[in-house]
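Novice: The structure is given below, and queries will be raised subsequently.
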Amino acid sequence: GDMTAKGRHTIEARLARIEGHIHAVHRMAHDGKSYPEIVHQIAAVRSSLDSVLQAIVDELADNCVHPAASRASVTSAVEELRTVVASAL
């Protein structure tokens, strides 16, 4: 399923924040910050990525599965959702 314009905007904004966070972690490593500080920030980035992944899966479910139910093509919509979720695991 394709992303809605609103969903795309939300995802792009989240990814931009994650990108900035990754650059900050890179600077921390370059500046010689401690490993615990860097690991803590990497864990925060991972959490942010998990959150954006969940938002994408939610968007897919809303835009793919719900309309498919009214068209009786639930099987293909569910299969697409399973494929996306499996690729993220």
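Naming scheme: A, B, ... for chains in displayed order of the structure tokens; residues 1 onward per chain; ligands 1 onward as shown.
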Which residues are near A:Val25? Cut-off 12 Å, only C-alpha atoms, ignore same chain within fewer than 3 positions. Put them as a PyMOL selection string.
Specialist: chain A and resi 18-22+28-45
Novice: Go ahead and write the selection's residues with N, CA and C atoms as a JSON list (two decimals), in the first residue's frame.
Specialist:
```json
[["chain", "number", "residue", "atom", "x", "y", "z"],
["A", 18, "ILE", "N", 15.86, 11.62, 13.33],
["A", 18, "ILE", "CA", 16.77, 10.49, 13.56],
["A", 18, "ILE", "C", 18.11, 10.76, 12.88],
["A", 19, "GLU", "N", 18.07, 11.28, 11.68],
["A", 19, "GLU", "CA", 19.30, 11.60, 10.95],
["A", 19, "GLU", "C", 20.14, 12.61, 11.74],
["A", 20, "GLY", "N", 19.50, 13.63, 12.28],
["A", 20, "GLY", "CA", 20.21, 14.61, 13.09],
["A", 20, "GLY", "C", 20.80, 13.98, 14.34],
["A", 21, "HIS", "N", 20.05, 13.07, 14.94],
["A", 21, "HIS", "CA", 20.52, 12.38, 16.14],
["A", 21, "HIS", "C", 21.75, 11.52, 15.81],
["A", 22, "ILE", "N", 21.71, 10.84, 14.67],
["A", 22, "ILE", "CA", 22.85, 10.01, 14.27],
["A", 22, "ILE", "C", 24.08, 10.87, 14.04],
["A", 28, "MET", "N", 29.82, 12.91, 18.78],
["A", 28, "MET", "CA", 30.22, 12.47, 20.12],
["A", 28, "MET", "C", 31.41, 11.52, 20.04],
["A", 29, "ALA", "N", 31.35, 10.58, 19.11],
["A", 29, "ALA", "CA", 32.45, 9.64, 18.93],
["A", 29, "ALA", "C", 33.71, 10.38, 18.50],
["A", 30, "HIS", "N", 33.55, 11.29, 17.57],
["A", 30, "HIS", "CA", 34.68, 12.07, 17.07],
["A", 30, "HIS", "C", 35.30, 12.92, 18.18],
["A", 31, "ASP", "N", 34.46, 13.44, 19.06],
["A", 31, "ASP", "CA", 34.94, 14.29, 20.15],
["A", 31, "ASP", "C", 35.46, 13.51, 21.35],
["A", 32, "GLY", "N", 35.41, 12.19, 21.27],
["A", 32, "GLY", "CA", 35.97, 11.36, 22.34],
["A", 32, "GLY", "C", 35.08, 11.20, 23.56],
["A", 33, "LYS", "N", 33.78, 11.31, 23.38],
["A", 33, "LYS", "CA", 32.87, 11.08, 24.51],
["A", 33, "LYS", "C", 32.99, 9.64, 24.98],
["A", 34, "SER", "N", 32.52, 9.38, 26.17],
["A", 34, "SER", "CA", 32.66, 8.04, 26.75],
["A", 34, "SER", "C", 31.77, 7.03, 26.02],
["A", 35, "TYR", "N", 32.21, 5.77, 26.06],
["A", 35, "TYR", "CA", 31.40, 4.71, 25.45],
["A", 35, "TYR", "C", 30.00, 4.63, 26.05],
["A", 36, "PRO", "N", 29.85, 4.71, 27.37],
["A", 36, "PRO", "CA", 28.48, 4.65, 27.91],
["A", 36, "PRO", "C", 27.58, 5.76, 27.37],
["A", 37, "GLU", "N", 28.11, 6.97, 27.20],
["A", 37, "GLU", "CA", 27.31, 8.06, 26.64],
["A", 37, "GLU", "C", 26.90, 7.75, 25.20],
["A", 38, "ILE", "N", 27.84, 7.23, 24.43],
["A", 38, "ILE", "CA", 27.57, 6.92, 23.02],
["A", 38, "ILE", "C", 26.57, 5.78, 22.92],
["A", 39, "VAL", "N", 26.76, 4.74, 23.73],
["A", 39, "VAL", "CA", 25.84, 3.60, 23.70],
["A", 39, "VAL", "C", 24.43, 4.05, 24.08],
["A", 40, "HIS", "N", 24.33, 4.91, 25.08],
["A", 40, "HIS", "CA", 23.02, 5.42, 25.50],
["A", 40, "HIS", "C", 22.33, 6.14, 24.33],
["A", 41, "GLN", "N", 23.07, 6.94, 23.59],
["A", 41, "GLN", "CA", 22.50, 7.67, 22.46],
["A", 41, "GLN", "C", 22.15, 6.73, 21.31],
["A", 42, "ILE", "N", 22.97, 5.71, 21.08],
["A", 42, "ILE", "CA", 22.66, 4.72, 20.03],
["A", 42, "ILE", "C", 21.37, 3.98, 20.39],
["A", 43, "ALA", "N", 21.20, 3.66, 21.66],
["A", 43, "ALA", "CA", 19.96, 3.01, 22.09],
["A", 43, "ALA", "C", 18.76, 3.92, 21.84],
["A", 44, "ALA", "N", 18.94, 5.21, 22.05],
["A", 44, "ALA", "CA", 17.85, 6.17, 21.78],
["A", 44, "ALA", "C", 17.53, 6.21, 20.30],
["A", 45, "VAL", "N", 18.56, 6.17, 19.44],
["A", 45, "VAL", "CA", 18.33, 6.14, 18.00],
["A", 45, "VAL", "C", 17.59, 4.87, 17.61]]
```
Novice: DSSP on the backbone, then: every residue of stretch 16-88 of chain A marked alpha helix (DSSP H), written as a PyMOL selection string.
Specialist: chain A and resi 16-30+35-60+66-71+74-88
Novice: Using only C-alpha atoms, find the one residue out of A:Ala55, A:Ala24, A:Leu49, A:Val85 that sits nearest to A:Thr10.
Specialist: A:Ala55
Novice: With distances taken over only C-alpha atoms, which residue among A:Ala16, A:Leu81, A:Ala5, A:Ala86 lies nearest A:Val57?
Specialist: A:Leu81
Novice: Please compute the atom CA of A:Leu15-atom CA of A:Ser76 distance, one decimal, in Å.
Specialist: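 If I compute the distance from atom CA of A:Leu15 to atom CA of A:Ser76, I get 28.4 Å.
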Novice: Using only C-alpha atoms, which protein or nucleic acid residues come within 9 Å of A:Arg8? Drop anything in the same chain fewer than 5 positions from it, and give the result as a list in words.
Specialist: Met3, Ala13 and Ile56 of chain A
Novice: Write the selection just made, keeping C-alpha atoms, as an mmCIF file, in the first residue's frame?
Specialist:
```cif
data_model
loop_
_atom_site.group_PDB
_atom_site.id
_atom_site.type_symbol
_atom_site.label_atom_id
_atom_site.label_comp_id
_atom_site.auth_asym_id
_atom_site.auth_seq_id
_atom_site.Cartn_x
_atom_site.Cartn_y
_atom_site.Cartn_z
ATOM 1 C CA MET A 3 1.649 6.072 2.086
ATOM 2 C CA ALA A 13 9.953 14.452 9.824
ATOM 3 C CA ILE A 56 4.899 2.797 8.946
#
```
Novice: Mind pulling up the distance from atom CA of A:Leu60 to atom CA of A:Thr4?
Specialist: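 Calculated distance between atom CA of A:Thr4 and atom CA of A:Leu60 is 9.5 Å.
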Novice: Between atom CA of A:Asp2 and atom CA of A:Thr83, measure the distance and give it in Å to one decimal.
Specialist: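 Between atom CA of A:Asp2 and atom CA of A:Thr83 the gap works out to 14.6 Å.
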